[in-house]
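target-v5.tsv (TSV, C-alpha atoms) appears below.
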```
chain	number	residue	atom	x	y	z
A	13	MET	CA	31.51	105.81	71.28
A	14	PHE	CA	29.87	109.21	71.91
A	15	LYS	CA	29.42	108.83	75.70
A	16	ASN	CA	32.13	111.36	76.59
A	17	ILE	CA	30.77	114.10	74.27
A	18	ASN	CA	28.42	116.74	75.71
A	19	GLU	CA	24.99	117.51	74.18
A	20	LYS	CA	26.12	120.67	72.38
A	21	ASP	CA	28.96	118.84	70.64
A	22	LYS	CA	26.63	115.96	69.76
A	23	LYS	CA	24.27	118.43	68.04
A	24	LYS	CA	27.15	119.96	66.09
A	25	LEU	CA	28.39	116.52	65.08
A	26	LEU	CA	24.89	115.50	64.01
A	27	SER	CA	24.54	118.71	61.96
A	28	LEU	CA	27.87	118.05	60.24
A	29	LEU	CA	26.84	114.47	59.48
A	30	CYS	CA	23.54	115.69	58.01
A	31	LEU	CA	25.37	118.28	55.91
A	32	GLY	CA	27.75	115.59	54.67
A	33	GLY	CA	24.78	113.38	53.79
A	34	ILE	CA	23.14	116.22	51.84
A	35	CYS	CA	26.38	116.83	49.93
A	36	LEU	CA	26.67	113.12	49.15
A	37	LEU	CA	23.07	112.99	47.91
A	38	SER	CA	23.70	116.09	45.77
A	39	LEU	CA	26.72	114.47	44.14
A	40	ILE	CA	24.71	111.33	43.41
A	41	LEU	CA	21.88	113.45	41.98
A	42	VAL	CA	24.23	115.41	39.72
A	43	SER	CA	25.91	112.27	38.42
A	44	SER	CA	22.55	110.62	37.76
A	45	LEU	CA	21.36	113.75	35.91
A	46	GLU	CA	24.42	113.55	33.66
A	47	GLN	CA	23.68	109.88	32.96
A	48	THR	CA	20.02	110.71	32.32
A	49	GLU	CA	21.03	113.49	29.93
A	50	ALA	CA	23.24	111.08	27.99
A	51	THR	CA	20.43	108.54	27.61
A	52	SER	CA	17.49	110.93	27.29
A	53	THR	CA	17.58	110.88	23.50
A	54	ASN	CA	16.86	107.15	23.64
A	55	LEU	CA	13.73	107.88	25.65
A	56	GLY	CA	12.51	110.54	23.27
A	57	GLU	CA	13.30	113.40	25.65
A	58	THR	CA	15.84	115.96	24.57
A	59	SER	CA	17.62	118.60	26.59
A	60	LYS	CA	18.05	121.94	24.90
A	61	GLU	CA	21.35	123.70	25.20
A	62	VAL	CA	21.86	127.42	24.86
A	63	SER	CA	24.20	127.90	21.96
A	64	ASN	CA	24.13	131.66	21.30
A	65	ASN	CA	21.88	134.69	20.94
A	66	GLU	CA	21.06	133.91	17.31
A	67	SER	CA	18.30	131.45	18.28
A	68	GLU	CA	15.68	134.22	18.56
A	69	TYR	CA	16.61	135.66	15.17
A	70	ILE	CA	16.60	132.25	13.51
A	71	ASN	CA	13.24	131.32	15.07
A	72	GLN	CA	11.66	134.58	13.91
A	73	ASN	CA	12.97	134.12	10.37
A	74	ASP	CA	11.85	130.48	10.32
A	75	LEU	CA	8.39	131.50	11.47
A	76	GLU	CA	8.17	134.20	8.80
A	77	GLU	CA	9.30	131.77	6.10
A	78	ARG	CA	6.84	129.08	7.20
A	79	LEU	CA	3.98	131.61	7.26
A	80	LYS	CA	4.99	132.99	3.85
A	81	SER	CA	5.13	129.46	2.46
A	82	ILE	CA	1.64	128.55	3.66
A	83	LEU	CA	0.05	131.91	2.70
A	84	SER	CA	1.52	131.74	-0.81
A	85	GLN	CA	-0.50	128.55	-1.37
A	86	ILE	CA	-3.80	130.42	-0.89
A	87	LYS	CA	-5.57	130.86	-4.21
A	88	GLY	CA	-5.11	134.40	-5.52
A	89	ALA	CA	-2.50	135.43	-2.92
A	90	GLY	CA	0.20	135.83	-5.55
A	91	ASP	CA	3.61	137.16	-4.61
A	92	LEU	CA	3.82	138.04	-0.91
A	93	ASP	CA	6.11	139.08	1.91
A	94	VAL	CA	5.63	138.56	5.63
A	95	MET	CA	7.02	140.45	8.63
A	96	ILE	CA	6.48	139.34	12.24
A	97	THR	CA	7.41	141.55	15.19
A	98	LEU	CA	7.92	140.08	18.63
A	99	ASP	CA	6.98	141.66	21.95
A	100	SER	CA	9.77	139.95	23.85
A	101	SER	CA	12.61	137.56	23.26
A	102	GLU	CA	12.61	133.85	24.01
A	103	GLU	CA	12.81	133.17	27.73
A	104	ILE	CA	14.92	130.21	28.83
A	105	GLN	CA	14.73	128.58	32.27
A	106	PRO	CA	17.95	126.67	33.10
A	107	ALA	CA	18.16	123.82	35.62
A	108	PHE	CA	19.73	124.52	39.01
A	109	ASN	CA	21.03	122.29	41.76
A	110	VAL	CA	20.02	123.86	45.07
A	111	ASN	CA	21.57	122.85	48.38
A	112	SER	CA	20.16	124.48	51.48
A	113	THR	CA	21.06	123.88	55.08
A	114	SER	CA	19.51	125.14	58.28
A	115	GLU	CA	20.81	124.82	61.82
A	116	GLN	CA	18.96	125.75	64.96
A	117	THR	CA	20.77	126.11	68.28
A	118	LYS	CA	19.04	126.69	71.63
A	119	GLU	CA	21.08	128.16	74.44
A	120	LYS	CA	20.14	128.50	78.11
A	121	ASP	CA	21.99	130.66	80.56
A	122	PRO	CA	22.25	129.91	84.30
A	123	LYS	CA	19.65	132.57	85.14
A	124	GLY	CA	16.93	130.81	83.13
A	125	GLY	CA	17.21	132.95	79.99
A	126	GLU	CA	16.80	131.17	76.70
A	127	ARG	CA	17.73	132.11	73.15
A	128	THR	CA	17.47	130.36	69.84
A	129	ILE	CA	19.93	130.92	67.02
A	130	VAL	CA	18.92	129.90	63.50
A	131	THR	CA	21.58	129.74	60.81
A	132	SER	CA	20.70	128.88	57.23
A	133	SER	CA	22.49	128.93	53.92
A	134	GLU	CA	21.65	128.17	50.30
A	135	ASN	CA	23.98	127.21	47.47
A	136	LYS	CA	22.56	127.40	43.94
A	137	THR	CA	24.57	125.95	41.05
A	138	MET	CA	23.53	125.86	37.40
A	139	ILE	CA	23.54	122.35	35.95
A	140	THR	CA	25.56	122.07	32.75
A	141	SER	CA	26.00	119.38	30.13
A	142	SER	CA	29.25	117.70	29.23
A	143	SER	CA	29.95	120.54	26.77
A	144	ASN	CA	29.48	123.11	29.60
A	145	ASN	CA	26.22	124.47	28.18
A	146	PRO	CA	23.35	124.95	30.66
A	147	VAL	CA	20.68	122.25	30.78
A	148	ILE	CA	17.33	123.86	29.94
A	149	ILE	CA	14.17	122.87	31.83
A	150	LYS	CA	11.69	125.03	29.98
A	151	THR	CA	11.60	127.52	27.13
A	152	HIS	CA	8.94	130.21	26.83
A	153	GLU	CA	8.41	131.26	23.25
A	154	PRO	CA	8.31	135.01	22.55
A	155	LYS	CA	4.92	136.70	22.18
A	156	ILE	CA	3.95	137.97	18.76
A	157	LYS	CA	3.32	141.71	18.75
A	158	GLY	CA	2.17	142.11	15.16
A	159	VAL	CA	2.12	140.66	11.65
A	160	ILE	CA	2.23	142.44	8.31
A	161	VAL	CA	1.49	140.63	5.06
A	162	VAL	CA	2.05	142.36	1.73
A	163	SER	CA	0.39	140.44	-1.10
A	164	SER	CA	-0.12	141.13	-4.79
A	165	GLY	CA	-3.57	139.51	-4.50
A	166	ALA	CA	-4.74	141.57	-1.53
A	167	ASP	CA	-6.66	143.93	-3.87
A	168	ASP	CA	-9.36	141.24	-3.95
A	169	PRO	CA	-11.40	141.56	-0.70
A	170	LEU	CA	-12.01	137.79	-0.55
A	171	VAL	CA	-8.27	137.01	-0.81
A	172	LYS	CA	-7.50	139.70	1.75
A	173	GLU	CA	-10.04	138.25	4.21
A	174	THR	CA	-8.70	134.72	3.65
A	175	LEU	CA	-5.11	135.84	4.30
A	176	TYR	CA	-6.28	137.73	7.41
A	177	LYS	CA	-8.02	134.65	8.85
A	178	ALA	CA	-5.12	132.37	7.90
A	179	VAL	CA	-2.62	134.54	9.80
A	180	GLN	CA	-4.87	134.70	12.87
A	181	THR	CA	-5.33	130.95	12.87
A	182	ALA	CA	-1.71	130.01	12.15
A	183	LEU	CA	-0.20	132.30	14.78
A	184	GLN	CA	-3.09	132.42	17.27
A	185	VAL	CA	-3.08	136.22	17.36
A	186	ASP	CA	-5.89	138.75	17.69
A	187	GLY	CA	-7.24	140.60	14.66
A	188	HIS	CA	-5.82	143.96	15.72
A	189	GLN	CA	-2.32	142.45	15.50
A	190	VAL	CA	-2.66	141.58	11.79
A	191	GLU	CA	-2.51	143.94	8.79
A	192	ILE	CA	-2.82	142.87	5.16
A	193	PHE	CA	-1.63	145.23	2.42
A	194	SER	CA	-1.63	144.96	-1.35
A	195	LYS	CA	1.56	145.21	-3.42
```
So, in terms of structure tokens, how does the structure I just supplied come out?
Amino acid sequence: MFKNINEKDKKKLLSLLCLGGICLLSLILVSSLEQTEATSTNLGETSKEVSNNESEYINQNDLEERLKSILSQIKGAGDLDVMITLDSSEEIQPAFNVNSTSEQTKEKDPKGGERTIVTSSENKTMITSSSNNPVIIKTHEPKIKGVIVVSSGADDPLVKETLYKAVQTALQVDGHQVEIFSK
């Protein structure tokens, strides 16, 4: 079938067939990812979707409320307030579908000269769910910059030390990042 085609045209045809195969595999991969996303909740794996910029604010408030709740249970802590400052915001890594192609052509001229031409391209597309939200691979939680606890029981050195250690343990922060004040 390809007997009448010269070598250069055969290489181009082979490259086009390979590119078509890569595109076909990409389409199969994308459709299988969508099916996997639909059934992932059955397997216990969940995909996060980016809804809006409020997630950082909500997470910080939730963390403050959880810390306040646990610290208020410490004997002698009394009435308290908690403030947590973050060094950075939450970092989200979305999933991408990457298609890259590379073609190498060698040319020879009649005088014996030779040159090689390399052509490559890359197409990167963000993978989205059925609701057009990006599929998230990984989320890096924000780093805690500092914590302030204001407690009515912090006048007692033992209570103050207990609150100090509890904050360090709960948030896995260094001592210089925690301050305890009395109300």
For Leu29 in chain A, which residue out of A:Thr128, A:Thr113, A:Ser194, A:Thr140 is the nearest one, using only C-alpha atoms?
A:Thr113
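Within the 12 Å cut-off around Leu31 in chain A, using only C-alpha atoms and omitting residues fewer than 4 positions from it on the same chain, the listed residues are Lys24, Leu25, Leu26, Ser27, Cys35, Leu36, Leu37, Ser38, Asn111, Ser112, Thr113, Ser114, Glu115, Ser132, Ser133 and Glu134 of chain A.
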Output C-alpha atoms for every residue in that selection, as a compact mmCIF listing (two decimals), keeping the file's coordinate frame.
```txt
# COMPACT_ATOMS: atom_id res chain seq x y z
CA LYS A 24 27.15 119.96 66.09
CA LEU A 25 28.39 116.52 65.08
CA LEU A 26 24.89 115.50 64.01
CA SER A 27 24.54 118.71 61.96
CA CYS A 35 26.38 116.83 49.93
CA LEU A 36 26.67 113.12 49.15
CA LEU A 37 23.07 112.99 47.91
CA SER A 38 23.70 116.09 45.77
CA ASN A 111 21.57 122.85 48.38
CA SER A 112 20.16 124.48 51.48
CA THR A 113 21.06 123.88 55.08
CA SER A 114 19.51 125.14 58.28
CA GLU A 115 20.81 124.82 61.82
CA SER A 132 20.70 128.88 57.23
CA SER A 133 22.49 128.93 53.92
CA GLU A 134 21.65 128.17 50.30
```
Counting only C-alpha atoms, what is within 6 Å of range 152-159 of chain A, bar same-chain residues fewer than 6 positions away, as a list in words?
Met95, Ile96, Thr97, Leu98, Asp99, Ser100, Ser101, Glu102, Glu103, Gln189 and Val190 of chain A
Keeping only C-alpha atoms, write the selected residues to a file as a compact mmCIF listing (two decimals), in the frame of the given file.
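And here's result00.txt as it stands now:
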```txt
# COMPACT_ATOMS: atom_id res chain seq x y z
CA MET A 95 7.02 140.45 8.63
CA ILE A 96 6.48 139.34 12.24
CA THR A 97 7.41 141.55 15.19
CA LEU A 98 7.92 140.08 18.63
CA ASP A 99 6.98 141.66 21.95
CA SER A 100 9.77 139.95 23.85
CA SER A 101 12.61 137.56 23.26
CA GLU A 102 12.61 133.85 24.01
CA GLU A 103 12.81 133.17 27.73
CA GLN A 189 -2.32 142.45 15.50
CA VAL A 190 -2.66 141.58 11.79
```
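Between Val171 in chain A and the candidates A:Asn109, A:Asp21, A:Lys136, A:Phe193, the tightest atom-to-atom separation, counting all atoms listed in the file, involves A:Phe193.
For the residues A:Arg127, A:Val161, A:Glu119, A:Val94, ranking by smallest atom-to-atom distance to Glu19 in chain A using all atoms listed in the file places A:Glu119 first.
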Close residues, Pro106 in chain A itself excluded, 6 Å, all atoms listed in the file, min 2 positions apart in chain, as a CSV table (one decimal) with C-alpha atoms, keeping the file's coordinate frame:
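The result, stored in out-v4.csv:
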```csv
chain,number,residue,atom,x,y,z
A,147,VAL,CA,20.7,122.2,30.8
A,148,ILE,CA,17.3,123.9,29.9
A,149,ILE,CA,14.2,122.9,31.8
```
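You will find CA of Asp93 in chain A at 5.2 Å from CA of Val162 in chain A.
A straight line drawn from CA of Ser164 in chain A to CA of Lys80 in chain A is 12.9 Å long.
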Report, in Å to a single decimal, how far apart CA of Leu92 in chain A and CA of Asp74 in chain A are.
15.7 Å
Excluding Gln85 in chain A and any residue of its chain fewer than 3 positions from it, enumerate the residues within 12 Å of it, using only C-alpha atoms, and give them as a list in words.
Arg78, Leu79, Lys80, Ser81, Ile82, Gly88, Ala89, Gly90, Asp91, Leu92, Ser163, Gly165, Val171, Thr174, Leu175 and Ala178 of chain A
C-alpha atoms of the current selection, written as an mmCIF file, keeping the file's coordinate frame:
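In the end it all went to result-v8.cif:
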```
data_model
loop_
_atom_site.group_PDB
_atom_site.id
_atom_site.type_symbol
_atom_site.label_atom_id
_atom_site.label_comp_id
_atom_site.auth_asym_id
_atom_site.auth_seq_id
_atom_site.Cartn_x
_atom_site.Cartn_y
_atom_site.Cartn_z
ATOM 1 C CA ARG A 78 6.840 129.080 7.200
ATOM 2 C CA LEU A 79 3.980 131.610 7.260
ATOM 3 C CA LYS A 80 4.990 132.990 3.850
ATOM 4 C CA SER A 81 5.130 129.460 2.460
ATOM 5 C CA ILE A 82 1.640 128.550 3.660
ATOM 6 C CA GLY A 88 -5.110 134.400 -5.520
ATOM 7 C CA ALA A 89 -2.500 135.430 -2.920
ATOM 8 C CA GLY A 90 0.200 135.830 -5.550
ATOM 9 C CA ASP A 91 3.610 137.160 -4.610
ATOM 10 C CA LEU A 92 3.820 138.040 -0.910
ATOM 11 C CA SER A 163 0.390 140.440 -1.100
ATOM 12 C CA GLY A 165 -3.570 139.510 -4.500
ATOM 13 C CA VAL A 171 -8.270 137.010 -0.810
ATOM 14 C CA THR A 174 -8.700 134.720 3.650
ATOM 15 C CA LEU A 175 -5.110 135.840 4.300
ATOM 16 C CA ALA A 178 -5.120 132.370 7.900
#
```
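Using all atoms listed in the file, the smallest distance between any of A:Lys195, A:Lys20, A:His188, A:Lys123 and Asp167 in chain A comes from A:Lys195.
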When you get a chance, write out N, CA and C atoms for range 158-183 of chain A, as a PDB file, in the frame of the given file.
```
ATOM      1  N   GLY A 158       2.916 141.743  16.355  1.00  0.00           N
ATOM      2  CA  GLY A 158       2.170 142.110  15.160  1.00  0.00           C
ATOM      3  C   GLY A 158       2.669 141.388  13.929  1.00  0.00           C
ATOM      4  N   VAL A 159       1.794 141.333  12.911  1.00  0.00           N
ATOM      5  CA  VAL A 159       2.120 140.660  11.650  1.00  0.00           C
ATOM      6  C   VAL A 159       1.683 141.551  10.499  1.00  0.00           C
ATOM      7  N   ILE A 160       2.563 141.705   9.533  1.00  0.00           N
ATOM      8  CA  ILE A 160       2.230 142.440   8.310  1.00  0.00           C
ATOM      9  C   ILE A 160       2.425 141.487   7.134  1.00  0.00           C
ATOM     10  N   VAL A 161       1.405 141.430   6.284  1.00  0.00           N
ATOM     11  CA  VAL A 161       1.490 140.630   5.060  1.00  0.00           C
ATOM     12  C   VAL A 161       1.255 141.583   3.896  1.00  0.00           C
ATOM     13  N   VAL A 162       2.184 141.569   2.949  1.00  0.00           N
ATOM     14  CA  VAL A 162       2.050 142.360   1.730  1.00  0.00           C
ATOM     15  C   VAL A 162       1.886 141.371   0.584  1.00  0.00           C
ATOM     16  N   SER A 163       0.720 141.429  -0.068  1.00  0.00           N
ATOM     17  CA  SER A 163       0.390 140.440  -1.100  1.00  0.00           C
ATOM     18  C   SER A 163      -0.079 141.130  -2.370  1.00  0.00           C
ATOM     19  N   SER A 164       0.325 140.564  -3.520  1.00  0.00           N
ATOM     20  CA  SER A 164      -0.120 141.130  -4.790  1.00  0.00           C
ATOM     21  C   SER A 164      -1.607 140.829  -5.032  1.00  0.00           C
ATOM     22  N   GLY A 165      -2.162 139.843  -4.336  1.00  0.00           N
ATOM     23  CA  GLY A 165      -3.570 139.510  -4.500  1.00  0.00           C
ATOM     24  C   GLY A 165      -4.482 140.145  -3.475  1.00  0.00           C
ATOM     25  N   ALA A 166      -3.945 140.984  -2.608  1.00  0.00           N
ATOM     26  CA  ALA A 166      -4.740 141.570  -1.530  1.00  0.00           C
ATOM     27  C   ALA A 166      -5.716 142.640  -2.021  1.00  0.00           C
ATOM     28  N   ASP A 167      -5.668 143.004  -3.317  1.00  0.00           N
ATOM     29  CA  ASP A 167      -6.660 143.930  -3.870  1.00  0.00           C
ATOM     30  C   ASP A 167      -8.050 143.297  -3.859  1.00  0.00           C
ATOM     31  N   ASP A 168      -8.100 141.974  -3.975  1.00  0.00           N
ATOM     32  CA  ASP A 168      -9.360 141.240  -3.950  1.00  0.00           C
ATOM     33  C   ASP A 168      -9.788 141.081  -2.481  1.00  0.00           C
ATOM     34  N   PRO A 169     -10.956 141.627  -2.093  1.00  0.00           N
ATOM     35  CA  PRO A 169     -11.400 141.560  -0.700  1.00  0.00           C
ATOM     36  C   PRO A 169     -11.513 140.130  -0.159  1.00  0.00           C
ATOM     37  N   LEU A 170     -11.889 139.173  -1.001  1.00  0.00           N
ATOM     38  CA  LEU A 170     -12.010 137.790  -0.550  1.00  0.00           C
ATOM     39  C   LEU A 170     -10.631 137.208  -0.227  1.00  0.00           C
ATOM     40  N   VAL A 171      -9.644 137.477  -1.061  1.00  0.00           N
ATOM     41  CA  VAL A 171      -8.270 137.010  -0.810  1.00  0.00           C
ATOM     42  C   VAL A 171      -7.726 137.664   0.448  1.00  0.00           C
ATOM     43  N   LYS A 172      -7.978 138.974   0.578  1.00  0.00           N
ATOM     44  CA  LYS A 172      -7.500 139.700   1.750  1.00  0.00           C
ATOM     45  C   LYS A 172      -8.084 139.114   3.035  1.00  0.00           C
ATOM     46  N   GLU A 173      -9.373 138.824   3.044  1.00  0.00           N
ATOM     47  CA  GLU A 173     -10.040 138.250   4.210  1.00  0.00           C
ATOM     48  C   GLU A 173      -9.495 136.844   4.510  1.00  0.00           C
ATOM     49  N   THR A 174      -9.241 136.068   3.470  1.00  0.00           N
ATOM     50  CA  THR A 174      -8.700 134.720   3.650  1.00  0.00           C
ATOM     51  C   THR A 174      -7.295 134.772   4.250  1.00  0.00           C
ATOM     52  N   LEU A 175      -6.464 135.677   3.741  1.00  0.00           N
ATOM     53  CA  LEU A 175      -5.110 135.840   4.300  1.00  0.00           C
ATOM     54  C   LEU A 175      -5.176 136.283   5.762  1.00  0.00           C
ATOM     55  N   TYR A 176      -6.084 137.203   6.057  1.00  0.00           N
ATOM     56  CA  TYR A 176      -6.280 137.730   7.410  1.00  0.00           C
ATOM     57  C   TYR A 176      -6.624 136.587   8.372  1.00  0.00           C
ATOM     58  N   LYS A 177      -7.595 135.770   7.994  1.00  0.00           N
ATOM     59  CA  LYS A 177      -8.020 134.650   8.850  1.00  0.00           C
ATOM     60  C   LYS A 177      -6.917 133.602   8.964  1.00  0.00           C
ATOM     61  N   ALA A 178      -6.194 133.364   7.884  1.00  0.00           N
ATOM     62  CA  ALA A 178      -5.120 132.370   7.900  1.00  0.00           C
ATOM     63  C   ALA A 178      -4.011 132.768   8.875  1.00  0.00           C
ATOM     64  N   VAL A 179      -3.654 134.057   8.872  1.00  0.00           N
ATOM     65  CA  VAL A 179      -2.620 134.540   9.800  1.00  0.00           C
ATOM     66  C   VAL A 179      -3.092 134.404  11.241  1.00  0.00           C
ATOM     67  N   GLN A 180      -4.330 134.807  11.508  1.00  0.00           N
ATOM     68  CA  GLN A 180      -4.870 134.700  12.870  1.00  0.00           C
ATOM     69  C   GLN A 180      -4.864 133.255  13.352  1.00  0.00           C
ATOM     70  N   THR A 181      -5.265 132.354  12.490  1.00  0.00           N
ATOM     71  CA  THR A 181      -5.330 130.950  12.870  1.00  0.00           C
ATOM     72  C   THR A 181      -3.937 130.349  13.043  1.00  0.00           C
ATOM     73  N   ALA A 182      -3.048 130.611  12.113  1.00  0.00           N
ATOM     74  CA  ALA A 182      -1.710 130.010  12.150  1.00  0.00           C
ATOM     75  C   ALA A 182      -0.909 130.476  13.360  1.00  0.00           C
ATOM     76  N   LEU A 183      -1.021 131.750  13.694  1.00  0.00           N
ATOM     77  CA  LEU A 183      -0.200 132.300  14.780  1.00  0.00           C
ATOM     78  C   LEU A 183      -0.954 132.503  16.083  1.00  0.00           C
TER      79      LEU A 183
END
```
